[in-house]
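Participant: Pasting work04.txt below, which is compact mmCIF, C-alpha atoms.
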```
# COMPACT_ATOMS: atom_id res chain seq x y z
CA SER A 1 8.13 -5.04 -10.91
CA GLN A 2 7.60 -1.42 -11.94
CA GLN A 3 9.82 -0.46 -14.84
CA GLY A 4 9.06 3.23 -15.08
CA GLU A 5 10.42 5.63 -12.55
CA GLU A 6 9.18 9.20 -12.58
CA ASP A 7 11.23 12.12 -11.45
CA PRO A 8 10.53 14.19 -9.44
CA GLN A 9 8.12 12.41 -7.11
CA ALA A 10 6.44 15.73 -6.37
CA LEU A 11 6.51 19.13 -8.06
CA SER A 12 4.90 22.44 -7.07
CA ILE A 13 4.92 25.39 -9.43
CA GLN A 14 3.10 28.69 -9.90
CA GLU A 15 0.22 28.86 -12.31
CA GLY A 16 1.44 29.89 -15.74
CA GLU A 17 4.85 28.26 -15.37
CA ASN A 18 5.92 25.18 -17.31
CA ALA A 19 6.08 21.78 -15.61
CA THR A 20 8.51 19.06 -16.67
CA MET A 21 8.36 15.47 -15.51
CA ASN A 22 10.76 12.71 -16.42
CA CYS A 23 10.42 8.98 -16.77
CA SER A 24 13.13 6.34 -17.03
CA TYR A 25 12.67 2.73 -18.01
CA LYS A 26 14.82 -0.36 -18.36
CA THR A 27 13.86 -2.54 -21.33
CA SER A 28 13.11 -2.07 -25.03
CA ILE A 29 9.66 -0.70 -25.63
CA ASN A 30 7.02 -0.59 -28.34
CA ASN A 31 5.67 2.71 -27.11
CA LEU A 32 5.51 4.90 -24.02
CA GLN A 33 2.36 6.52 -22.70
CA TRP A 34 1.54 9.25 -20.21
CA TYR A 35 -1.55 9.26 -18.00
CA ARG A 36 -3.07 11.74 -15.57
CA GLN A 37 -4.92 10.88 -12.38
CA ASN A 38 -6.95 13.38 -10.44
CA SER A 39 -7.28 12.61 -6.75
CA GLY A 40 -9.58 9.67 -6.11
CA ARG A 41 -10.31 9.09 -9.79
CA GLY A 42 -9.30 6.70 -12.53
CA LEU A 43 -6.38 7.38 -14.85
CA VAL A 44 -6.87 9.27 -18.10
CA HIS A 45 -4.73 8.60 -21.15
CA LEU A 46 -2.92 11.75 -22.29
CA ILE A 47 -0.51 10.92 -25.04
CA LEU A 48 1.35 8.02 -26.64
CA ILE A 49 4.75 8.17 -28.30
CA ARG A 50 6.02 5.29 -30.40
CA SER A 51 9.55 3.97 -30.07
CA ASN A 52 10.52 5.40 -33.48
CA GLU A 53 9.31 8.90 -32.56
CA ARG A 54 11.38 11.49 -30.74
CA GLU A 55 8.84 14.17 -29.96
CA LYS A 56 5.09 14.55 -29.93
CA HIS A 57 2.73 17.41 -29.16
CA SER A 58 -0.86 17.55 -28.03
CA GLY A 59 -2.24 20.94 -27.05
CA ARG A 60 -0.13 22.18 -24.12
CA LEU A 61 1.60 18.81 -23.78
CA ARG A 62 4.95 17.99 -25.28
CA VAL A 63 6.49 14.54 -24.90
CA THR A 64 10.00 13.54 -25.84
CA LEU A 65 11.48 10.08 -26.03
CA ASP A 66 15.15 9.13 -26.01
CA THR A 67 15.41 5.39 -26.53
CA SER A 68 19.21 5.45 -26.26
CA LYS A 69 18.88 6.79 -22.71
CA LYS A 70 15.64 4.92 -22.05
CA SER A 71 13.96 8.08 -20.88
CA SER A 72 11.00 10.30 -21.65
CA SER A 73 9.85 13.69 -20.52
CA LEU A 74 6.43 15.30 -20.30
CA LEU A 75 6.26 19.08 -20.53
CA ILE A 76 3.08 20.94 -19.65
CA THR A 77 3.27 24.54 -20.80
CA ALA A 78 1.41 27.49 -19.28
CA SER A 79 0.16 25.41 -16.37
CA ARG A 80 -3.31 25.87 -14.93
CA ALA A 81 -4.80 25.01 -11.56
CA ALA A 82 -6.75 22.23 -13.27
CA ASP A 83 -3.45 20.52 -14.17
CA THR A 84 -3.01 19.61 -10.50
CA ALA A 85 -2.90 15.80 -10.56
CA SER A 86 -0.57 12.82 -10.50
CA TYR A 87 1.11 11.93 -13.78
CA PHE A 88 2.26 8.43 -14.67
CA CYS A 89 4.32 7.07 -17.50
CA ALA A 90 3.66 3.57 -18.77
CA THR A 91 5.69 1.42 -21.10
CA ASP A 92 4.32 -1.05 -23.60
CA ASP A 93 6.96 -3.75 -23.83
CA PHE A 94 7.25 -5.97 -26.86
CA GLY A 95 5.32 -9.20 -26.65
CA ASN A 96 3.20 -8.25 -23.67
CA GLU A 97 -0.50 -7.56 -23.41
CA LYS A 98 0.03 -5.22 -20.48
CA LEU A 99 1.57 -1.88 -19.58
CA THR A 100 4.13 -1.27 -16.87
CA PHE A 101 3.33 1.88 -14.93
CA GLY A 102 5.79 4.11 -13.15
CA THR A 103 5.48 5.41 -9.63
CA GLY A 104 4.10 8.81 -10.66
CA THR A 105 4.80 12.51 -10.20
CA ARG A 106 2.42 14.50 -8.04
CA LEU A 107 2.04 17.95 -9.64
CA THR A 108 0.57 20.85 -7.70
CA ILE A 109 -0.19 24.13 -9.46
CA ILE A 110 -0.31 27.08 -7.09
CA PRO A 111 -2.85 29.73 -8.18
CA SER B 1 -18.39 5.36 -27.79
CA GLN B 2 -16.88 3.06 -25.24
CA THR B 3 -17.58 3.29 -21.53
CA ILE B 4 -16.35 1.36 -18.53
CA HIS B 5 -18.26 0.91 -15.32
CA GLN B 6 -17.11 -0.18 -11.89
CA TRP B 7 -19.12 -0.77 -8.79
CA PRO B 8 -19.43 -0.18 -6.00
CA ALA B 9 -17.65 3.17 -5.75
CA THR B 10 -16.80 2.66 -2.09
CA LEU B 11 -16.88 -0.39 0.13
CA VAL B 12 -16.13 -1.02 3.78
CA GLN B 13 -15.75 -4.67 4.68
CA PRO B 14 -14.62 -6.50 7.83
CA VAL B 15 -11.56 -8.73 7.84
CA GLY B 16 -12.44 -12.25 6.77
CA SER B 17 -15.47 -11.27 4.72
CA PRO B 18 -15.79 -12.06 1.00
CA LEU B 19 -15.34 -9.56 -1.81
CA SER B 20 -16.78 -9.13 -5.26
CA LEU B 21 -15.98 -6.14 -7.44
CA GLU B 22 -17.46 -5.92 -10.89
CA CYS B 23 -16.28 -4.15 -14.02
CA THR B 24 -18.14 -3.97 -17.31
CA VAL B 25 -17.25 -2.38 -20.62
CA GLU B 26 -19.66 -1.14 -23.26
CA GLY B 27 -19.14 -0.22 -26.89
CA THR B 28 -16.31 -2.56 -27.75
CA SER B 29 -15.81 -6.26 -28.21
CA ASN B 30 -13.04 -8.65 -27.19
CA PRO B 31 -11.17 -6.08 -25.09
CA ASN B 32 -8.19 -6.85 -22.93
CA LEU B 33 -9.23 -6.27 -19.30
CA TYR B 34 -7.11 -5.36 -16.30
CA TRP B 35 -7.41 -5.09 -12.52
CA TYR B 36 -5.03 -2.80 -10.65
CA ARG B 37 -4.65 -1.87 -7.01
CA GLN B 38 -3.29 1.46 -5.85
CA ALA B 39 -2.22 2.14 -2.29
CA ALA B 40 -2.66 5.71 -1.02
CA GLY B 41 -0.27 8.06 -2.81
CA ARG B 42 1.40 5.24 -4.68
CA GLY B 43 1.65 3.81 -8.16
CA LEU B 44 -0.43 1.08 -9.76
CA GLN B 45 0.08 -2.59 -9.06
CA LEU B 46 -1.24 -4.88 -11.79
CA LEU B 47 -3.18 -7.73 -10.19
CA PHE B 48 -4.77 -9.61 -13.10
CA TYR B 49 -5.33 -9.24 -16.80
CA SER B 50 -7.42 -11.11 -19.33
CA VAL B 51 -7.17 -11.39 -23.10
CA GLY B 52 -10.39 -13.36 -23.49
CA ILE B 53 -13.29 -15.12 -21.79
CA GLY B 54 -12.00 -17.49 -19.14
CA GLN B 55 -8.38 -16.45 -19.71
CA ILE B 56 -6.84 -14.91 -16.60
CA SER B 57 -3.21 -14.04 -15.96
CA SER B 58 -2.20 -13.41 -12.36
CA GLU B 59 0.61 -10.99 -11.67
CA VAL B 60 0.82 -11.12 -7.90
CA PRO B 61 0.17 -14.19 -5.71
CA GLN B 62 -2.34 -13.23 -3.04
CA ASN B 63 -5.76 -14.07 -1.71
CA LEU B 64 -7.53 -12.39 -4.62
CA SER B 65 -8.86 -14.03 -7.76
CA ALA B 66 -10.37 -12.78 -11.00
CA SER B 67 -12.86 -14.17 -13.46
CA ARG B 68 -14.15 -13.18 -16.87
CA PRO B 69 -17.49 -14.91 -17.34
CA GLN B 70 -18.48 -12.76 -20.31
CA ASP B 71 -16.56 -10.88 -22.99
CA ARG B 72 -17.02 -7.47 -21.36
CA GLN B 73 -17.28 -8.43 -17.71
CA PHE B 74 -14.37 -8.74 -15.31
CA ILE B 75 -14.83 -9.66 -11.66
CA LEU B 76 -12.36 -9.40 -8.79
CA SER B 77 -13.05 -11.65 -5.81
CA SER B 78 -11.76 -12.76 -2.48
CA LYS B 79 -13.02 -15.44 -0.14
CA LYS B 80 -11.55 -13.80 2.97
CA LEU B 81 -10.33 -10.21 3.02
CA LEU B 82 -7.17 -9.16 4.81
CA LEU B 83 -6.38 -5.71 6.21
CA SER B 84 -3.69 -5.42 3.53
CA ASP B 85 -6.36 -5.69 0.82
CA SER B 86 -7.45 -2.11 1.52
CA GLY B 87 -6.80 0.21 -1.39
CA PHE B 88 -8.14 1.77 -4.53
CA TYR B 89 -9.06 -0.81 -7.16
CA LEU B 90 -9.08 0.18 -10.78
CA CYS B 91 -10.37 -1.70 -13.78
CA ALA B 92 -9.16 -0.85 -17.27
CA TRP B 93 -9.61 -2.05 -20.83
CA SER B 94 -7.57 -1.80 -23.97
CA GLY B 95 -8.29 -2.62 -27.56
CA THR B 96 -6.76 -5.55 -29.36
CA VAL B 97 -6.69 -4.13 -32.89
CA GLY B 98 -3.23 -2.85 -33.73
CA ASN B 99 -0.59 -2.82 -31.07
CA LEU B 100 -0.80 0.54 -29.34
CA ARG B 101 -2.65 -0.68 -26.26
CA GLU B 102 -3.77 2.55 -24.67
CA GLN B 103 -5.71 1.73 -21.54
CA TYR B 104 -8.99 3.28 -20.46
CA PHE B 105 -9.81 3.26 -16.79
CA GLY B 106 -12.96 3.03 -14.77
CA PRO B 107 -13.72 5.37 -11.86
CA GLY B 108 -12.35 2.95 -9.29
CA THR B 109 -13.56 1.32 -6.07
CA ARG B 110 -12.25 2.49 -2.72
CA LEU B 111 -12.05 -0.58 -0.46
CA THR B 112 -11.47 -0.26 3.26
CA VAL B 113 -11.00 -3.46 5.23
CA THR B 114 -11.62 -2.97 8.93
```
Represent the supplied structure as structure tokens.
Facilitator:
Amino acid sequence: SQQGEEDPQALSIQEGENATMNCSYKTSINNLQWYRQNSGRGLVHLILIRSNEREKHSGRLRVTLDTSKKSSSLLITASRAADTASYFCATDDFGNEKLTFGTGTRLTIIP
Amino acid sequence: SQTIHQWPATLVQPVGSPLSLECTVEGTSNPNLYWYRQAAGRGLQLLFYSVGIGQISSEVPQNLSASRPQDRQFILSSKKLLLSDSGFYLCAWSGTVGNLREQYFGPGTRLTVT
């Protein structure tokens, strides 16, 4: 079953605004990852945050992780039309050779 | 650098026909390999994964099967397709050195069963 649940399911914002997506999960994790999927394409790995990290940055992306609340957030600053895509979180659980993907947030950037 | 290939890109098949989707990875050895299915506008459903040649783990009981005849080749098959098999099929690989397990996805195959 899917462990990660993204919130909101869909988000529309004006270009230049910041976009925040949240992910909740249920079990202990080794790390949490965020992926982007453009329509009709494969997923692209964006960023990974380990369980002992609380915040990580990559360009315009900022990821936070709160293991006590079993939640993570992805912030995209100064959004661009090209950021329009679906975003998925995925958890790497201990002892598994697989990731558990969430249901995704569909982000639309309005020019 | 590593690359992952999937083919065909699109496929339209009648109900009851067989299926074979192929995925190959270049530029790495002994990868973990994964098959996912994605319904329109939905999340990913893990179908199969493999940690080595001939080693297949099935996540969802269904009329699909997977095989890994070579280290960097992963095949998804069906003997008789159902309408419910329609979807977007994604292959992915991850490394086995360390324990970070980022996954890298192919471009996907859009399967329509008619």
Participant: May I have a table of the residues of chain B lying at most 8 Å from chain A, giving each one's closest pair of atoms and their distance in Å to one decimal, counting all atoms listed in the file, ordered by chain and ascending residue number, as a tab-separated table?
Facilitator:
```
residue	atom	partner	partner_atom	distance
B:Asn32	CA	A:Glu97	CA	7.7
B:Arg42	CA	A:Thr103	CA	6.4
B:Gly43	CA	A:Thr103	CA	4.4
B:Leu44	CA	A:Phe101	CA	6.4
B:Tyr49	CA	A:Lys98	CA	7.6
B:Val51	CA	A:Glu97	CA	7.7
B:Leu90	CA	A:Gly42	CA	6.8
B:Leu100	CA	A:Asn31	CA	7.2
B:Arg101	CA	A:Asp92	CA	7.5
B:Glu102	CA	A:His45	CA	7.1
B:Gln103	CA	A:His45	CA	7.0
B:Tyr104	CA	A:Val44	CA	6.8
B:Phe105	CA	A:Gly42	CA	5.5
B:Gly106	CA	A:Gly42	CA	5.6
B:Pro107	CA	A:Gly42	CA	4.7
B:Gly108	CA	A:Gly42	CA	5.8
```
Participant: Within 9 Å of (-4.5, -6.4, -13.0) (coordinates as in the file), grab all the protein and nucleic acid residues, counting all atoms listed in the file, and write them out as a VMD selection string.
Facilitator: (chain A and resid 98) or (chain B and resid 33 to 37 45 to 50 57 to 60 66 90 to 92)
Participant: Of the residues B:Pro69, B:Gly41, B:Gly52, B:Pro18, which is the one nearest to Gly95 of chain B, using all atoms listed in the file?
Facilitator: B:Gly52
Participant: Around the point (-13.5, 2.8, -22.3), in the coordinates given by the file, pick out the residues reaching within 7 Å, counting all atoms listed in the file, and return them as a PyMOL selection string.
Facilitator: chain B and resi 2-4+25+93+104-105
Participant: Restricted to C-alpha atoms, what would the selected residues look like written as a PDB file, keeping the file's coordinate frame?
Facilitator:
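What landed in out-v7.pdb:
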```
ATOM      1  CA  GLN B   2     -16.880   3.060 -25.240  1.00  0.00           C
ATOM      2  CA  THR B   3     -17.580   3.290 -21.530  1.00  0.00           C
ATOM      3  CA  ILE B   4     -16.350   1.360 -18.530  1.00  0.00           C
ATOM      4  CA  VAL B  25     -17.250  -2.380 -20.620  1.00  0.00           C
ATOM      5  CA  TRP B  93      -9.610  -2.050 -20.830  1.00  0.00           C
ATOM      6  CA  TYR B 104      -8.990   3.280 -20.460  1.00  0.00           C
ATOM      7  CA  PHE B 105      -9.810   3.260 -16.790  1.00  0.00           C
TER       8      PHE B 105
END
```
Participant: Can you tell me how far atom CA of Gly54 of chain B sits from atom CA of Lys79 of chain B, in Å to one decimal?
Facilitator: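 That distance, rounded to one decimal, is 19.1 Å.
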Participant: Report the distance between atom CA of Ser20 of chain B and atom CA of Gln73 of chain B in Å, rounded to one decimal place.
Facilitator: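 One can read the atom CA of Ser20 of chain B to atom CA of Gln73 of chain B distance as 12.5 Å.
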Participant: Do you know which residues are at most 10 Å from segment 67-69 of chain A counting all atoms listed in the file, after dropping those on the same chain fewer than 3 positions away, and could you put them as a PyMOL selection string?
Facilitator: chain A and resi 24-29+51-54+64+72
Participant: Please determine, counting all atoms listed in the file, which residue among B:Leu64, B:Val113, B:Ala40, B:Leu76 has the shortest atom-to-atom distance to Gly16 of chain B.
Facilitator: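 Of all the options, B:Val113 lies closest to Gly16 of chain B.
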Participant: The centre and edge lengths of an axis-aligned box containing all atoms of segment 38-53 of chain B present in the file, extended by 8 Å on each side, are to be given in Å to one decimal, as JSON.
Facilitator:
```
{"center_x": -5.8, "center_y": -3.5, "center_z": -12.3, "size_x": 30.9, "size_y": 39.2, "size_z": 38.5}
```
Participant: For a test of reading the model, state the distance in Å between atom CA of Val12 of chain B and atom CA of Thr109 of chain B, rounded to one decimal.
Facilitator: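 Between atom CA of Val12 of chain B and atom CA of Thr109 of chain B the gap works out to 10.4 Å.
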Participant: May I ask which of the residues B:Ser78, B:Thr10, B:Ser1, B:Thr96 is the closest one to Leu111 of chain B, counting only C-alpha atoms?
Facilitator: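 Closest to Leu111 of chain B of all the choices is B:Thr10.
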Participant: Give the answer as one residue: which of A:Glu55, A:Asn22, A:Ala81, A:Asp66 has the shortest atom-to-atom distance to Ala10 of chain A, using only C-alpha atoms?
Facilitator: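 Under the stated criterion, the closest residue is A:Asn22.
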Participant: Find the residues near Cys23 of chain A: any atom within 7 Å, counting only C-alpha atoms, skip ones fewer than 3 places away on the same chain, and give them as a PyMOL selection string.
Facilitator: chain A and resi 4-7+71-73+89
Participant: From the set A:Ser79, A:Asn38, A:Thr91, A:Ser58, which residue has the shortest atom-to-atom contact distance to Ile109 of chain A, counting only C-alpha atoms?
Facilitator: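 Checking each candidate against Ile109 of chain A, we get A:Ser79 as the closest.
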